[in-house]
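Structure first, commentary second.
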Amino acid sequence: MSFDSLGLHSSILRAVQAKGYTTPSPIQEQAIPIVLTGRDLVASAQTGTGKTAAFALPILNRLGPHKKPGPRVLILEPTRELAAQVDENFADFGKFTDLKRALLHGGVGYGKQRADLLAGADIVTATVGRLLDFLNERVLRLDHLQVLVLDEVDRMLDMGFIKDVKKIVSLCPKNRQTLFFSATIPPEIQEIARFALKDPAHVTIGRTRSVNESVTHAIYPVAHHLKFPLLLELLKKTEYKSVIVFSRTKHGADKIARKLKAEGHTVALLHGDRSQGQRKAALEGFKNGTLEVMVATDIAARGLDVAGVTHVINYDIPATPDDYVHRIGRTGRAAAEGDAFTLVTPDQTGELRAIEKFIKATIPQLTMEGFDYKAKAPVPAPGQGAGPRPPRQGRGGRPGNAGPQLGRSGQGQPRHHGHRPDGRPTSGQPQRADHRRGDDPSPRAPLPGTTGGKGSGGQQRDKDRAPNPFIQKGRPGAHWQTRNSGRR
């Protein structure tokens with residue numbers, strides 16, 4: 001089958017040909033005719049199979065020429081990068097039309113986005129938070145919406161956006177077309193589908209929990225202190241064009257990128273704490289080939305279409321089996337071949353078994369020839385310390401309030417990435433009065449050796465008083481720890 005046989009307008013077909021596409025992928029072949037009829041759709045397919053074109057092409061075909069007021073189409077995306085990528089696809093496929101677009105996401109100013117909306121955008125691609133900002137300002141109304149697309153719905157669920165998504169759906173006209181597109185459709189999404197869709201058609205390409213058959217997988221068991229040396233060895237002995245290295249935490253990604261740069265690699269760094277300018281520059285440098293290695297958190301695991309990624313390396317095993325499927329989907333796209341390596345420490349066999357059960361496949365375990373797996377962990381130089389302190393002991397030798405638990409690696413990583421304490425005392429932590437605010441319930445005795453007068457019991461007392469119960473260690477990588485005051 002060719003695109004000509006799908007019933008698309010000549011201006012859309014010209015744009016498809018300009019991008020070099022000749023034959024629709026299975027998801028495009030099945031989804032495009034359904035979307036053209038105006039029926040609601042739930043579509044699930046493996047990453048890298050062309051889901052964006054599967055809804056962009058028929059939507060552009062249905063819209064016809066530009067009309068005011070707008071918008072007539074709203075596409076919701078979980079991340080800035082995905083929103084920008086989808087907007088770029090609409091620009092490419094609609095290049096021979098007069099349709100107007102607006103891209104709404106955080107990390108940048110409101111000025112241009114507001115101007116695009118006021119100019120009468122036909123198509124709005126947005127992240128949830130920035131869209132709600134404009135809705136609350138009443139700069140944007142959805143009264144004339146014809147098509148609502150919820151893309152990567154499972155990722156929105158993971159990121160806690162579902163409540164906001166429901167609010168947005170409730171503001172849309174009831175007489176609309178709603179499309180769900182995602183790599184996986186977990187059971188939790190069925191509730192949202194019942195809320196947002198009416199008698200939808202269903203299209204599923206391949207197993208929803210599988211990875212592309214064109215990707216070769218391998219597990220490399222390794223001791224934790226040898227993970228980075230093994231990463232260097234893999235990069236040294238692997239013929240790759242471009243590679244994505246995934247870390248579970250932002251701090252871990254920073255550390256890996258810094259060490260790879262020190263070894264002479266050109267590195268793009270992508271995670272949520274980077275500014276929008278830094279994220280855009282990293283993605284562009286990686287796409288155009290000036291940066292050979294991208295180090296990223298799972299922000300890069302969903303939907304990003306970067307041509308020519310030959311390898312994915314999971315420096316840290318993913319937090320969930322579903323994340324494994326999405327990470328691996330960054331390579332082997334559009335039927336190209338790719339390789340996926342995962343570094344697994346001895347205490348992570350449970351996570352590995354969960355992944356294999358999820359994808360219903362056994363991943364072969366390999367060793368790197370010539371690599372010294374018996375090398376000892378390096379001894380810290382004098383003055384550098386030996387890592388984070390163990391939790392303080394309370395009475396009877398039992399641990400006191402020690403803040404977040406250390407990760408399995410023993411390197412002070414939290415068990416769940418992205419979690420930061422808010423600075424308030426934990427449950428059961430005795431409240432310490434703040435004398436600078438004058439809320440001390442009773443006078444305090446002068447410090448030993450002082451009279452309690454000006455210059456002794458005031459300023460000196462504040463210098464010698466016990467530290468704040470929440471302190472942050474100064475060395476990189478340390479996390480919040482709680483001091484135990486000894487009281488119960």
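Every chain in the structure tokens takes a letter, A first, then B, and so on in the order presented; its residues are numbered from 1, and the ligands are numbered from 1 following the presented order.
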
Contacts of stretch 242-250 of chain A at 10 Å (only C-alpha atoms; same-chain gap of 5+ positions) as number ranges by chain: A: 231, 235, 255-257, 267-274, 286-287, 289-301, 306-319, 327-328, 330-331, 338-342, 413-419

Once DSSP has gone over the backbone, tell me which residues of stretch 225-261 of chain A are in alpha helix (DSSP H), as a list in words.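 The alpha helix (DSSP H) subset of stretch 225-261 of chain A is Lys227, Phe228, Pro229, Leu230, Leu231, Leu232, Glu233, Leu234, Leu235, Lys236, Lys237, Lys250, His251, Gly252, Ala253, Asp254, Lys255, Ile256, Ala257, Arg258, Lys259, Leu260 and Lys261 of chain A.
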
List the spatial neighbours of stretch 12-24 of chain A as JSON, numbers by chain - criterion: any atom at most 6 Å away, only C-alpha atoms, same-chain residues fewer than 2 positions off excluded. {"A": [2, 9, 10, 28, 29, 93]}

Going by DSSP on the backbone, which residues of stretch 53-116 of chain A come out as strand (DSSP E or B)? List them as a CSV table (one decimal) with N, CA and C atoms, in the first residue's frame.
```csv
chain,number,residue,atom,x,y,z
A,73,VAL,N,-7.6,22.2,16.7
A,73,VAL,CA,-6.9,20.9,17.0
A,73,VAL,C,-6.0,21.2,18.3
A,74,LEU,N,-6.1,20.3,19.3
A,74,LEU,CA,-5.2,20.4,20.4
A,74,LEU,C,-4.5,19.1,20.6
A,75,ILE,N,-3.2,19.2,20.7
A,75,ILE,CA,-2.4,18.0,21.0
A,75,ILE,C,-1.7,18.1,22.3
A,76,LEU,N,-2.0,17.3,23.3
A,76,LEU,CA,-1.3,17.3,24.6
A,76,LEU,C,-0.2,16.4,24.6
A,77,GLU,N,1.0,16.9,25.1
A,77,GLU,CA,2.2,16.1,25.2
A,77,GLU,C,2.7,16.2,26.7
A,101,ARG,N,0.0,27.5,13.5
A,101,ARG,CA,0.3,26.6,14.6
A,101,ARG,C,0.7,27.5,15.8
A,102,ALA,N,0.6,26.9,17.0
A,102,ALA,CA,1.1,27.5,18.2
A,102,ALA,C,1.7,26.4,19.0
A,103,LEU,N,2.9,26.6,19.5
A,103,LEU,CA,3.6,25.6,20.4
A,103,LEU,C,3.7,26.2,21.8
A,104,LEU,N,3.1,25.5,22.8
A,104,LEU,CA,3.0,26.0,24.2
A,104,LEU,C,3.7,25.1,25.1
```

So that I can see what lies close to A:Leu140, please list as a PyMOL selection string the residues with an atom at most 9 Å from it, counting only C-alpha atoms and leaving out residues fewer than 3 positions away in the same chain. chain A and resi 70-71+114+117-118+131+134-137

Kindly save the residues from that selection, with C-alpha atoms included, as a PDB file, in the first residue's frame.
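Output below, filename again_37.pdb:
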```
ATOM      1  CA  GLY A  70      -9.242  28.717  16.732  1.00  0.00           C
ATOM      2  CA  PRO A  71      -7.839  26.454  17.791  1.00  0.00           C
ATOM      3  CA  ARG A 114       0.555  34.419  23.437  1.00  0.00           C
ATOM      4  CA  LEU A 117      -2.610  32.196  19.991  1.00  0.00           C
ATOM      5  CA  LEU A 118      -4.004  35.668  19.380  1.00  0.00           C
ATOM      6  CA  LEU A 131      -1.800  25.130  28.498  1.00  0.00           C
ATOM      7  CA  PHE A 134      -3.253  30.246  29.123  1.00  0.00           C
ATOM      8  CA  LEU A 135      -6.670  28.781  29.875  1.00  0.00           C
ATOM      9  CA  ASN A 136      -6.652  30.426  33.301  1.00  0.00           C
ATOM     10  CA  GLU A 137      -5.644  33.745  31.701  1.00  0.00           C
TER      11      GLU A 137
END
```

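With distances taken over only C-alpha atoms, A:Gly50 is the one residue among A:Gly50, A:Gly277, A:Gly109, A:Gly7 lying closest to A:Ile205.
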
Determine the nearest neighbour of A:Phe228 from the options A:Leu99, A:Leu148, A:Ala377, A:Leu366, counting only C-alpha atoms.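 Of the candidates, the smallest distance to A:Phe228 is held by A:Ala377.
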
Need the shell around stretch 195-203 of chain A: protein/DNA/RNA residues with any atom at most 9 Å away, counting only C-alpha atoms. Skip same-chain ones fewer than 2 positions apart. Format as a short mmCIF file (atom, residue, chain, number, x, y, z; two decimals) with N, CA and C atoms, in the first residue's frame?
```cif
data_model
loop_
_atom_site.label_atom_id
_atom_site.label_comp_id
_atom_site.auth_asym_id
_atom_site.auth_seq_id
_atom_site.Cartn_x
_atom_site.Cartn_y
_atom_site.Cartn_z
N ILE A 27 1.00 1.09 11.64
CA ILE A 27 0.13 1.94 12.45
C ILE A 27 -0.49 3.04 11.59
N GLN A 30 -3.33 1.54 9.29
CA GLN A 30 -4.59 1.22 9.95
C GLN A 30 -5.26 2.43 10.58
N ALA A 31 -4.47 3.37 11.12
CA ALA A 31 -5.05 4.49 11.86
C ALA A 31 -5.56 5.61 10.96
N ILE A 34 -9.21 5.48 9.77
CA ILE A 34 -10.16 5.66 10.88
C ILE A 34 -10.26 7.13 11.27
N ARG A 39 -13.94 9.23 13.61
CA ARG A 39 -14.23 8.37 14.75
C ARG A 39 -13.12 8.47 15.79
N ASP A 40 -13.49 8.32 17.07
CA ASP A 40 -12.50 8.29 18.15
C ASP A 40 -11.63 7.04 17.99
N LEU A 41 -10.40 7.14 18.51
CA LEU A 41 -9.44 6.05 18.30
C LEU A 41 -8.51 5.90 19.49
N VAL A 42 -8.24 4.65 19.86
CA VAL A 42 -7.19 4.31 20.80
C VAL A 42 -6.17 3.49 20.02
N ALA A 43 -4.97 4.04 19.87
CA ALA A 43 -3.94 3.39 19.05
C ALA A 43 -2.71 3.11 19.89
N SER A 44 -2.22 1.90 19.81
CA SER A 44 -1.04 1.49 20.55
C SER A 44 -0.08 0.79 19.61
N ALA A 45 1.18 1.20 19.66
CA ALA A 45 2.20 0.59 18.81
C ALA A 45 3.56 0.81 19.45
N LYS A 166 -7.91 15.54 32.78
CA LYS A 166 -9.36 15.45 32.89
C LYS A 166 -10.00 16.84 32.90
N VAL A 169 -9.97 18.10 29.35
CA VAL A 169 -10.98 17.40 28.56
C VAL A 169 -12.38 17.96 28.85
N SER A 170 -12.64 18.28 30.13
CA SER A 170 -13.96 18.80 30.50
C SER A 170 -14.25 20.18 29.89
N GLN A 177 -13.68 14.94 18.10
CA GLN A 177 -12.99 13.67 17.89
C GLN A 177 -11.83 13.60 18.87
N THR A 178 -11.69 12.47 19.55
CA THR A 178 -10.62 12.30 20.53
C THR A 178 -9.76 11.10 20.14
N LEU A 179 -8.45 11.32 20.15
CA LEU A 179 -7.50 10.28 19.75
C LEU A 179 -6.51 10.01 20.87
N PHE A 180 -6.35 8.76 21.23
CA PHE A 180 -5.33 8.32 22.18
C PHE A 180 -4.22 7.65 21.38
N GLN A 190 -7.66 2.95 30.99
CA GLN A 190 -9.00 2.61 30.52
C GLN A 190 -10.06 3.53 31.14
N GLU A 191 -9.86 3.93 32.40
CA GLU A 191 -10.80 4.84 33.05
C GLU A 191 -10.85 6.18 32.32
N ILE A 192 -9.67 6.69 31.93
CA ILE A 192 -9.63 7.96 31.22
C ILE A 192 -10.23 7.81 29.83
N ALA A 193 -10.00 6.66 29.21
CA ALA A 193 -10.56 6.42 27.88
C ALA A 193 -12.08 6.44 27.94
N ILE A 205 -0.64 -2.46 17.22
CA ILE A 205 0.40 -3.00 16.32
C ILE A 205 1.46 -3.68 17.17
#
```

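The interatomic distance for the pair atom CA of A:Phe3 and atom CA of A:Asp87 works out to 21.3 Å.
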
Using only C-alpha atoms, which of A:Ala121, A:Met159, A:Leu145, A:Val108 sits nearest A:Thr79?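 Looking only at the distances to A:Thr79, the closest residue turns out to be A:Met159.
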
To one decimal place in Å, what is the distance between atom CA of A:Pro221 and atom CA of A:Ala253?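 Taking atom CA of A:Pro221 and atom CA of A:Ala253, their separation equals 20.2 Å.
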
Can you tell me which residues surround A:Gly64 at a distance of at most 12 Å, considering only C-alpha atoms, apart from same-chain residues fewer than 5 positions away, and format the answer as a short mmCIF file (atom, residue, chain, number, x, y, z; two decimals) with N, CA and C atoms, in the first residue's frame?
```cif
data_model
loop_
_atom_site.label_atom_id
_atom_site.label_comp_id
_atom_site.auth_asym_id
_atom_site.auth_seq_id
_atom_site.Cartn_x
_atom_site.Cartn_y
_atom_site.Cartn_z
N LEU A 8 -5.60 10.86 1.05
CA LEU A 8 -5.08 12.13 1.53
C LEU A 8 -5.07 13.17 0.40
N HIS A 9 -5.21 14.44 0.78
CA HIS A 9 -5.23 15.54 -0.17
C HIS A 9 -3.86 15.67 -0.85
N SER A 10 -3.86 16.22 -2.05
CA SER A 10 -2.61 16.32 -2.82
C SER A 10 -1.55 17.16 -2.11
N SER A 11 -1.97 18.23 -1.40
CA SER A 11 -0.99 19.06 -0.70
C SER A 11 -0.33 18.28 0.43
N ILE A 12 -1.06 17.37 1.08
CA ILE A 12 -0.48 16.54 2.14
C ILE A 12 0.46 15.51 1.53
N LEU A 57 -1.20 13.40 9.72
CA LEU A 57 -1.62 13.44 8.32
C LEU A 57 -3.14 13.52 8.16
N PRO A 58 -3.90 12.63 8.81
CA PRO A 58 -5.36 12.74 8.63
C PRO A 58 -5.96 13.99 9.26
N ILE A 59 -5.37 14.50 10.34
CA ILE A 59 -5.87 15.73 10.95
C ILE A 59 -5.70 16.90 10.00
N ARG A 72 -8.60 24.66 16.38
CA ARG A 72 -9.48 23.56 16.00
C ARG A 72 -8.89 22.21 16.38
N GLY A 94 2.41 20.02 6.95
CA GLY A 94 1.48 21.06 6.51
C GLY A 94 2.14 22.21 5.77
N PHE A 96 2.57 22.83 2.75
CA PHE A 96 1.89 23.32 1.55
C PHE A 96 0.44 23.75 1.84
N THR A 97 0.16 24.04 3.10
CA THR A 97 -1.14 24.56 3.51
C THR A 97 -0.93 25.93 4.15
N ASP A 98 -2.04 26.63 4.44
CA ASP A 98 -1.93 27.93 5.11
C ASP A 98 -2.33 27.85 6.58
N LEU A 99 -2.33 26.66 7.15
CA LEU A 99 -2.71 26.46 8.54
C LEU A 99 -1.69 27.08 9.49
N LYS A 100 -2.18 27.65 10.59
CA LYS A 100 -1.31 28.29 11.58
C LYS A 100 -1.20 27.40 12.82
N ASP A 122 -4.62 27.43 14.20
CA ASP A 122 -5.51 26.30 13.94
C ASP A 122 -5.14 25.10 14.79
N ILE A 123 -3.83 24.90 14.98
CA ILE A 123 -3.31 23.72 15.67
C ILE A 123 -2.47 24.17 16.85
#
```

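As for atom CA of A:Ala53 and atom CA of A:Gly285, they are spaced 24.1 Å apart.
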
Proximity to A:Leu232 - best of A:Asp151, A:Glu263, A:Asp322, A:Asp92, only C-alpha atoms: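 Among the listed residues, the smallest separation from A:Leu232 belongs to A:Glu263.
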
Could you name the residues that touch A:Thr52 at 8 Å or less, counting only C-alpha atoms, but leaving out those on the same chain fewer than 2 positions away, as a CSV table (one decimal) with N, CA and C atoms, in the first residue's frame?
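Just written: out_6.csv:
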```
chain,number,residue,atom,x,y,z
A,50,GLY,N,6.1,5.4,13.8
A,50,GLY,CA,5.5,6.5,13.0
A,50,GLY,C,4.1,6.9,13.6
A,54,ALA,N,0.7,9.1,12.0
A,54,ALA,CA,-0.6,8.4,11.9
A,54,ALA,C,-1.7,9.3,12.3
A,55,PHE,N,-1.5,10.3,13.2
A,55,PHE,CA,-2.6,11.3,13.5
A,55,PHE,C,-2.4,12.6,12.8
A,56,ALA,N,-1.1,13.0,12.5
A,56,ALA,CA,-0.9,14.3,11.9
A,56,ALA,C,-1.5,14.4,10.5
A,86,VAL,N,6.5,17.2,17.9
A,86,VAL,CA,5.2,17.0,17.2
A,86,VAL,C,4.8,18.3,16.4
A,89,ASN,N,6.7,18.2,13.3
A,89,ASN,CA,6.1,17.3,12.3
A,89,ASN,C,4.9,17.9,11.6
```

Using only C-alpha atoms, find the one residue out of A:Leu343, A:Met156, A:Ile32, A:Ala84 that sits nearest to A:Glu284. A:Ala84
